$ cat my_file-v9.pdb   # PDB, C-alpha atoms
MODEL        1
ATOM      1  CA  MET A  71     -11.482  22.216 -10.483
ATOM      2  CA  ALA A  72      -8.705  23.488 -12.744
ATOM      3  CA  GLU A  73      -4.923  23.362 -12.552
ATOM      4  CA  VAL A  74      -3.332  26.788 -12.981
ATOM      5  CA  ASP A  75       0.466  27.054 -12.769
ATOM      6  CA  GLY A  76       0.841  25.068  -9.570
ATOM      7  CA  TRP A  77      -2.574  25.993  -8.193
ATOM      8  CA  LEU A  78      -5.710  23.899  -7.937
ATOM      9  CA  VAL A  79      -8.617  26.295  -8.428
ATOM     10  CA  ASP A  80     -12.225  25.486  -7.571
ATOM     11  CA  ARG A  81     -14.581  28.104  -9.013
ATOM     12  CA  PRO A  82     -18.189  28.364  -7.885
ATOM     13  CA  GLN A  83     -21.023  28.924 -10.291
ATOM     14  CA  GLY A  84     -21.562  32.629 -10.799
ATOM     15  CA  THR A  85     -19.540  35.380  -9.175
ATOM     16  CA  PRO A  86     -17.557  34.144  -6.147
ATOM     17  CA  LYS A  87     -18.601  35.558  -2.789
ATOM     18  CA  GLY A  88     -14.907  35.590  -1.943
ATOM     19  CA  TRP A  89     -11.715  33.597  -2.499
ATOM     20  CA  PHE A  90     -10.047  31.273  -0.012
ATOM     21  CA  LEU A  91      -6.296  30.674  -0.285
ATOM     22  CA  PHE A  92      -6.184  27.171   1.196
ATOM     23  CA  ALA A  93      -2.899  25.663   2.442
ATOM     24  CA  HIS A  94      -2.328  21.991   3.250
ATOM     25  CA  GLY A  95      -1.149  20.427   6.501
ATOM     26  CA  ALA A  96       2.291  19.048   7.330
ATOM     27  CA  GLY A  97       1.846  15.505   6.052
ATOM     28  CA  ALA A  98      -0.645  15.526   3.198
ATOM     29  CA  PRO A  99      -0.637  17.426  -0.135
ATOM     30  CA  MET A 100      -3.115  19.892  -1.601
ATOM     31  CA  ASP A 101      -5.129  17.105  -3.245
ATOM     32  CA  SER A 102      -5.631  14.946  -0.136
ATOM     33  CA  ASP A 103      -9.153  13.695   0.568
ATOM     34  CA  PHE A 104      -9.669  16.410   3.194
ATOM     35  CA  MET A 105      -8.467  19.217   0.933
ATOM     36  CA  GLN A 106     -10.439  17.938  -2.059
ATOM     37  CA  ALA A 107     -13.629  17.589  -0.066
ATOM     38  CA  LEU A 108     -13.481  20.971   1.660
ATOM     39  CA  ALA A 109     -12.532  22.822  -1.519
ATOM     40  CA  GLY A 110     -15.461  21.295  -3.376
ATOM     41  CA  MET A 111     -17.910  21.975  -0.581
ATOM     42  CA  LEU A 112     -16.807  25.595  -0.288
ATOM     43  CA  ALA A 113     -17.176  26.082  -4.037
ATOM     44  CA  GLU A 114     -20.710  24.669  -3.812
ATOM     45  CA  ARG A 115     -21.406  27.432  -1.292
ATOM     46  CA  GLY A 116     -20.173  30.215  -3.534
ATOM     47  CA  VAL A 117     -16.582  30.556  -2.349
ATOM     48  CA  GLY A 118     -13.719  30.237  -4.830
ATOM     49  CA  VAL A 119     -10.825  28.147  -3.525
ATOM     50  CA  ILE A 120      -7.143  28.337  -4.464
ATOM     51  CA  ARG A 121      -4.913  25.496  -3.284
ATOM     52  CA  PHE A 122      -1.119  25.529  -3.414
ATOM     53  CA  GLU A 123       1.788  23.568  -1.973
ATOM     54  CA  PHE A 124       4.667  24.663   0.201
ATOM     55  CA  PRO A 125       8.154  24.095  -1.286
ATOM     56  CA  TYR A 126       8.857  20.798   0.513
ATOM     57  CA  MET A 127       5.561  19.299  -0.635
ATOM     58  CA  ALA A 128       6.052  20.480  -4.215
ATOM     59  CA  GLU A 129       9.502  18.839  -4.131
ATOM     60  CA  ARG A 130       7.960  15.613  -2.835
ATOM     61  CA  ARG A 131       5.502  15.653  -5.728
ATOM     62  CA  GLU A 132       8.385  15.958  -8.196
ATOM     63  CA  THR A 133      10.797  13.460  -6.633
ATOM     64  CA  GLY A 134       8.462  11.077  -4.828
ATOM     65  CA  LYS A 135      10.625  11.363  -1.719
ATOM     66  CA  ARG A 136       9.092  12.443   1.570
ATOM     67  CA  ARG A 137      10.488  15.650   3.002
ATOM     68  CA  PRO A 138       9.860  17.264   6.388
ATOM     69  CA  PRO A 139       8.160  20.662   6.327
ATOM     70  CA  ASN A 140      10.326  23.671   5.605
ATOM     71  CA  LYS A 141      11.400  25.909   8.478
ATOM     72  CA  MET A 142       8.760  28.419   9.546
ATOM     73  CA  ASP A 143      10.486  31.378   7.901
ATOM     74  CA  VAL A 144      10.373  29.558   4.544
ATOM     75  CA  LEU A 145       6.714  28.596   5.053
ATOM     76  CA  LEU A 146       5.805  32.191   5.876
ATOM     77  CA  GLU A 147       7.663  33.535   2.852
ATOM     78  CA  ALA A 148       6.052  30.966   0.568
ATOM     79  CA  PHE A 149       2.552  31.704   1.840
ATOM     80  CA  GLN A 150       3.092  35.445   1.532
ATOM     81  CA  ALA A 151       4.176  34.986  -2.076
ATOM     82  CA  GLN A 152       0.912  33.148  -2.736
ATOM     83  CA  ILE A 153      -1.092  35.963  -1.116
ATOM     84  CA  ASP A 154       0.630  38.490  -3.341
ATOM     85  CA  ARG A 155       0.091  36.339  -6.416
ATOM     86  CA  ALA A 156      -3.597  35.821  -5.647
ATOM     87  CA  GLY A 157      -4.006  39.570  -5.268
ATOM     88  CA  GLU A 158      -2.598  40.062  -8.755
ATOM     89  CA  VAL A 159      -4.705  37.324 -10.365
ATOM     90  CA  PHE A 160      -7.934  38.245  -8.561
ATOM     91  CA  PRO A 161      -7.513  41.965  -7.786
ATOM     92  CA  GLU A 162     -11.207  42.606  -7.128
ATOM     93  CA  ALA A 163     -11.734  39.626  -4.824
ATOM     94  CA  ARG A 164     -12.168  39.521  -1.082
ATOM     95  CA  LEU A 165      -9.341  37.146  -0.200
ATOM     96  CA  PHE A 166      -9.265  34.954   2.896
ATOM     97  CA  VAL A 167      -6.314  32.834   3.975
ATOM     98  CA  GLY A 168      -6.208  29.627   5.924
ATOM     99  CA  GLY A 169      -5.569  25.951   5.814
ATOM    100  CA  LYS A 170      -5.547  22.530   7.312
ATOM    101  CA  SER A 171      -3.517  22.232  10.522
ATOM    102  CA  MET A 172      -0.028  23.621   9.777
ATOM    103  CA  GLY A 173      -1.348  25.568   6.800
ATOM    104  CA  GLY A 174      -3.856  27.295   9.052
ATOM    105  CA  ARG A 175      -1.162  28.060  11.608
ATOM    106  CA  VAL A 176       1.030  29.738   8.972
ATOM    107  CA  ALA A 177      -1.975  31.701   7.702
ATOM    108  CA  SER A 178      -2.827  32.867  11.218
ATOM    109  CA  MET A 179       0.691  34.265  11.590
ATOM    110  CA  LEU A 180       0.328  36.324   8.411
ATOM    111  CA  VAL A 181      -3.274  37.478   8.535
ATOM    112  CA  ALA A 182      -2.893  40.572  10.726
ATOM    113  CA  GLU A 183      -0.255  42.306   8.617
ATOM    114  CA  ASN A 184      -2.102  41.446   5.422
ATOM    115  CA  VAL A 185      -5.422  42.712   6.758
ATOM    116  CA  ARG A 186      -3.716  45.991   7.648
ATOM    117  CA  ALA A 187      -2.232  46.122   4.143
ATOM    118  CA  GLY A 188      -5.667  45.581   2.606
ATOM    119  CA  LYS A 189      -4.614  42.318   0.953
ATOM    120  CA  VAL A 190      -6.662  39.911   3.053
ATOM    121  CA  ALA A 191     -10.030  40.046   4.822
ATOM    122  CA  GLY A 192      -9.584  37.293   7.417
ATOM    123  CA  ALA A 193      -8.506  33.721   8.158
ATOM    124  CA  VAL A 194     -10.091  30.279   8.490
ATOM    125  CA  CYS A 195      -8.112  27.537  10.266
ATOM    126  CA  LEU A 196      -9.329  23.949  10.000
ATOM    127  CA  GLY A 197      -7.919  21.804  12.797
ATOM    128  CA  TYR A 198      -5.502  24.289  14.376
ATOM    129  CA  PRO A 199      -2.362  22.653  15.828
ATOM    130  CA  PHE A 200      -2.425  24.340  19.231
ATOM    131  CA  HIS A 201       0.513  22.169  20.311
ATOM    132  CA  PRO A 202       2.609  19.318  18.843
ATOM    133  CA  PRO A 203       1.319  15.757  19.312
ATOM    134  CA  GLY A 204       1.876  14.642  22.892
ATOM    135  CA  LYS A 205       3.346  17.989  23.966
ATOM    136  CA  PRO A 206       0.479  20.043  25.430
ATOM    137  CA  GLU A 207       2.965  22.269  27.219
ATOM    138  CA  SER A 208       4.460  23.529  23.923
ATOM    139  CA  LEU A 209       1.724  25.969  23.000
ATOM    140  CA  ARG A 210       1.472  27.727  19.636
ATOM    141  CA  THR A 211      -0.960  30.347  20.840
ATOM    142  CA  GLY A 212       1.119  33.455  21.556
ATOM    143  CA  HIS A 213      -0.028  35.387  18.496
ATOM    144  CA  LEU A 214      -3.622  34.232  18.986
ATOM    145  CA  GLU A 215      -3.920  35.995  22.324
ATOM    146  CA  HIS A 216      -4.040  39.418  20.670
ATOM    147  CA  MET A 217      -5.489  38.531  17.280
ATOM    148  CA  ASP A 218      -7.504  41.495  16.009
ATOM    149  CA  SER A 219      -8.246  40.133  12.518
ATOM    150  CA  PRO A 220     -11.440  38.211  11.693
ATOM    151  CA  THR A 221     -10.523  34.567  12.322
ATOM    152  CA  LEU A 222     -12.499  31.336  12.460
ATOM    153  CA  ILE A 223     -11.031  28.155  13.930
ATOM    154  CA  VAL A 224     -12.906  24.907  13.274
ATOM    155  CA  GLN A 225     -11.798  22.187  15.692
ATOM    156  CA  GLY A 226     -12.783  18.634  16.606
ATOM    157  CA  THR A 227     -13.603  18.275  20.307
ATOM    158  CA  ARG A 228     -11.092  15.414  20.684
ATOM    159  CA  ASP A 229      -8.326  16.776  18.443
ATOM    160  CA  LYS A 230      -5.020  15.505  19.857
ATOM    161  CA  LEU A 231      -3.376  18.795  18.882
ATOM    162  CA  GLY A 232      -5.839  20.770  20.972
ATOM    163  CA  ASP A 233      -9.079  19.283  22.307
ATOM    164  CA  ARG A 234     -11.976  21.249  23.731
ATOM    165  CA  ALA A 235     -10.940  20.933  27.381
ATOM    166  CA  GLU A 236      -7.436  22.163  26.576
ATOM    167  CA  VAL A 237      -8.434  25.015  24.279
ATOM    168  CA  GLU A 238     -11.064  26.372  26.642
ATOM    169  CA  GLY A 239      -8.236  26.895  29.139
ATOM    170  CA  TYR A 240      -6.193  29.052  26.750
ATOM    171  CA  GLU A 241      -6.219  32.844  26.663
ATOM    172  CA  LEU A 242      -7.340  33.498  23.106
ATOM    173  CA  SER A 243      -8.472  36.779  21.626
ATOM    174  CA  SER A 244     -12.207  37.393  21.858
ATOM    175  CA  GLY A 245     -12.021  38.190  18.147
ATOM    176  CA  ILE A 246     -11.404  34.523  17.327
ATOM    177  CA  LYS A 247     -14.549  32.544  16.583
ATOM    178  CA  LEU A 248     -14.333  28.861  17.543
ATOM    179  CA  LEU A 249     -16.573  26.216  15.979
ATOM    180  CA  TRP A 250     -16.524  22.819  17.688
ATOM    181  CA  LEU A 251     -17.289  19.590  15.839
ATOM    182  CA  GLU A 252     -18.550  17.011  18.326
ATOM    183  CA  ASP A 253     -16.221  14.020  18.817
ATOM    184  CA  GLY A 254     -14.148  15.019  15.781
ATOM    185  CA  ASP A 255     -10.432  14.214  15.627
ATOM    186  CA  HIS A 256      -7.753  16.242  13.826
ATOM    187  CA  ASP A 257      -9.379  15.370  10.474
ATOM    188  CA  PHE A 258     -12.870  15.956  11.927
ATOM    189  CA  LYS A 259     -13.552  12.206  12.004
ATOM    190  CA  PRO A 260     -15.872  11.193  14.861
ATOM    191  CA  ARG A 261     -16.337   7.756  16.347
ATOM    192  CA  LYS A 262     -19.387   5.812  15.144
ATOM    193  CA  SER A 263     -20.872   5.931  18.637
ATOM    194  CA  SER A 264     -21.104   9.734  18.391
ATOM    195  CA  GLY A 265     -23.930   9.575  15.882
ATOM    196  CA  PHE A 266     -22.030  11.825  13.470
ATOM    197  CA  THR A 267     -20.004  11.069  10.342
ATOM    198  CA  GLN A 268     -16.863  12.666   8.985
ATOM    199  CA  GLN A 269     -18.798  13.728   5.901
ATOM    200  CA  GLN A 270     -21.326  15.563   8.077
ATOM    201  CA  HIS A 271     -18.530  17.345   9.952
ATOM    202  CA  TRP A 272     -16.843  18.327   6.687
ATOM    203  CA  GLN A 273     -20.159  19.728   5.460
ATOM    204  CA  THR A 274     -20.630  21.689   8.686
ATOM    205  CA  ALA A 275     -17.083  23.040   8.494
ATOM    206  CA  ALA A 276     -17.592  24.178   4.900
ATOM    207  CA  GLU A 277     -21.000  25.676   5.636
ATOM    208  CA  GLN A 278     -19.760  27.666   8.623
ATOM    209  CA  ALA A 279     -16.535  28.736   6.899
ATOM    210  CA  ALA A 280     -18.483  30.024   3.894
ATOM    211  CA  ALA A 281     -20.959  31.827   6.157
ATOM    212  CA  PHE A 282     -18.089  33.387   8.109
ATOM    213  CA  MET A 283     -16.365  34.642   4.959
ATOM    214  CA  CYS A 284     -19.613  36.039   3.559
ATOM    215  CA  ALA A 285     -20.364  37.833   6.850
ATOM    216  CA  VAL A 286     -16.902  39.383   6.995
ATOM    217  CA  SER A 287     -17.133  40.449   3.366
ATOM    218  CA  ALA A 288     -20.489  42.071   4.088
ATOM    219  CA  GLY A 289     -19.030  43.913   7.044
ATOM    220  CA  HIS A 290     -20.967  42.063   9.752
TER     221      HIS A 290
ENDMDL
END
$ encode --input "my_file-v9.pdb" --output "structure tokens"
Amino acid sequence: MAEVDGWLVDRPQGTPKGWFLFAHGAGAPMDSDFMQALAGMLAERGVGVIRFEFPYMAERRETGKRRPPNKMDVLLEAFQAQIDRAGEVFPEARLFVGGKSMGGRVASMLVAENVRAGKVAGAVCLGYPFHPPGKPESLRTGHLEHMDSPTLIVQGTRDKLGDRAEVEGYELSSGIKLLWLEDGDHDFKPRKSSGFTQQQHWQTAAEQAAAFMCAVSAGH
């Protein structure tokens, strides 16, 4: 991992199979345990990973004071700027966008226009926030109903922001691939009784995300 002007960059050995622009969730920064683990596991599987922070999180890092997430228009603008920057730094790369929770949601709102512009190949969302905590009626799925860009959503079956029973009742585009992690919560942590571990679920998420990006890059 290397720090590059506000980025954390994880380079795989050899030529990257693609690059993943990886945004954090609402409450934890780009170097949280989840972000660190997934970035490293993706790099082990041949995918280069670029992590960045939204303005409010970068400000928190500087001041030490917690800030709520920026408004959606600011988040979208900030993510788009990172897409454009990544395209300049890695002009030959197949770039994918995505993130943890909120970061994945922002990416999913930008992917279609950037795929059409030839800037991005697809999106990977890890723990998509289908609705706010405790508000299953406030869905964040409108743009997902007609998604025509290659998109993978990795979700724990008991995620409180969209569990399997809830999500299977939504009208989502057939172009969205859903990967379910058994008994996983919003951070993919299962209960001990499930027979799985969080580390196993993180490995599965990384393995399937890397396979998805490689398949899209190969045109499959």
$ atom_distance --input "my_file-v9.pdb" --atom1 "atom CA of Lys87 of chain A" --atom2 "atom CA of Ile223 of chain A"
19.8 Å
$ residues_around --input "my_file-v9.pdb" --residues "His201 of chain A" --least-positions-apart "6" --cutoff "7 Å" --atoms "only C-alpha atoms" --output "list of chain:residue names"
A:Ser208, A:Leu209, A:Arg210, A:Leu231, A:Gly232
$ write_last_selection --input "my_file-v9.pdb" --atoms "C-alpha atoms" --output "PDB file, in the frame of the given file"
ATOM      1  CA  SER A 208       4.460  23.529  23.923  1.00  0.00           C
ATOM      2  CA  LEU A 209       1.724  25.969  23.000  1.00  0.00           C
ATOM      3  CA  ARG A 210       1.472  27.727  19.636  1.00  0.00           C
ATOM      4  CA  LEU A 231      -3.376  18.795  18.882  1.00  0.00           C
ATOM      5  CA  GLY A 232      -5.839  20.770  20.972  1.00  0.00           C
TER       6      GLY A 232
END
$ closest_residue --input "my_file-v9.pdb" --among "A:His216, A:Arg261, A:Val117, A:Phe149" --to "Arg228 of chain A" --atoms "all atoms listed in the file"
A:Arg261
$ resolve_selection --input "my_file-v9.pdb" --expression "the PyMOL selection byres ((chain A and resi 250) around 9)" --output "PyMOL selection string"
chain A and resi 223-227+234+248-249+251-254
$ resolve_selection --input "my_file-v9.pdb" --expression "the PyMOL selection byres ((chain A and resi 257) around 9)" --output "PyMOL selection string"
chain A and resi 104+170+196-197+225-226+229+254-256+258-260+268+272
$ write_last_selection --input "my_file-v9.pdb" --atoms "C-alpha atoms" --output "short mmCIF file (atom, residue, chain, number, x, y, z; two decimals), in the coordinates of the input"
data_model
loop_
_atom_site.label_atom_id
_atom_site.label_comp_id
_atom_site.auth_asym_id
_atom_site.auth_seq_id
_atom_site.Cartn_x
_atom_site.Cartn_y
_atom_site.Cartn_z
CA PHE A 104 -9.67 16.41 3.19
CA LYS A 170 -5.55 22.53 7.31
CA LEU A 196 -9.33 23.95 10.00
CA GLY A 197 -7.92 21.80 12.80
CA GLN A 225 -11.80 22.19 15.69
CA GLY A 226 -12.78 18.63 16.61
CA ASP A 229 -8.33 16.78 18.44
CA GLY A 254 -14.15 15.02 15.78
CA ASP A 255 -10.43 14.21 15.63
CA HIS A 256 -7.75 16.24 13.83
CA PHE A 258 -12.87 15.96 11.93
CA LYS A 259 -13.55 12.21 12.00
CA PRO A 260 -15.87 11.19 14.86
CA GLN A 268 -16.86 12.67 8.98
CA TRP A 272 -16.84 18.33 6.69
#
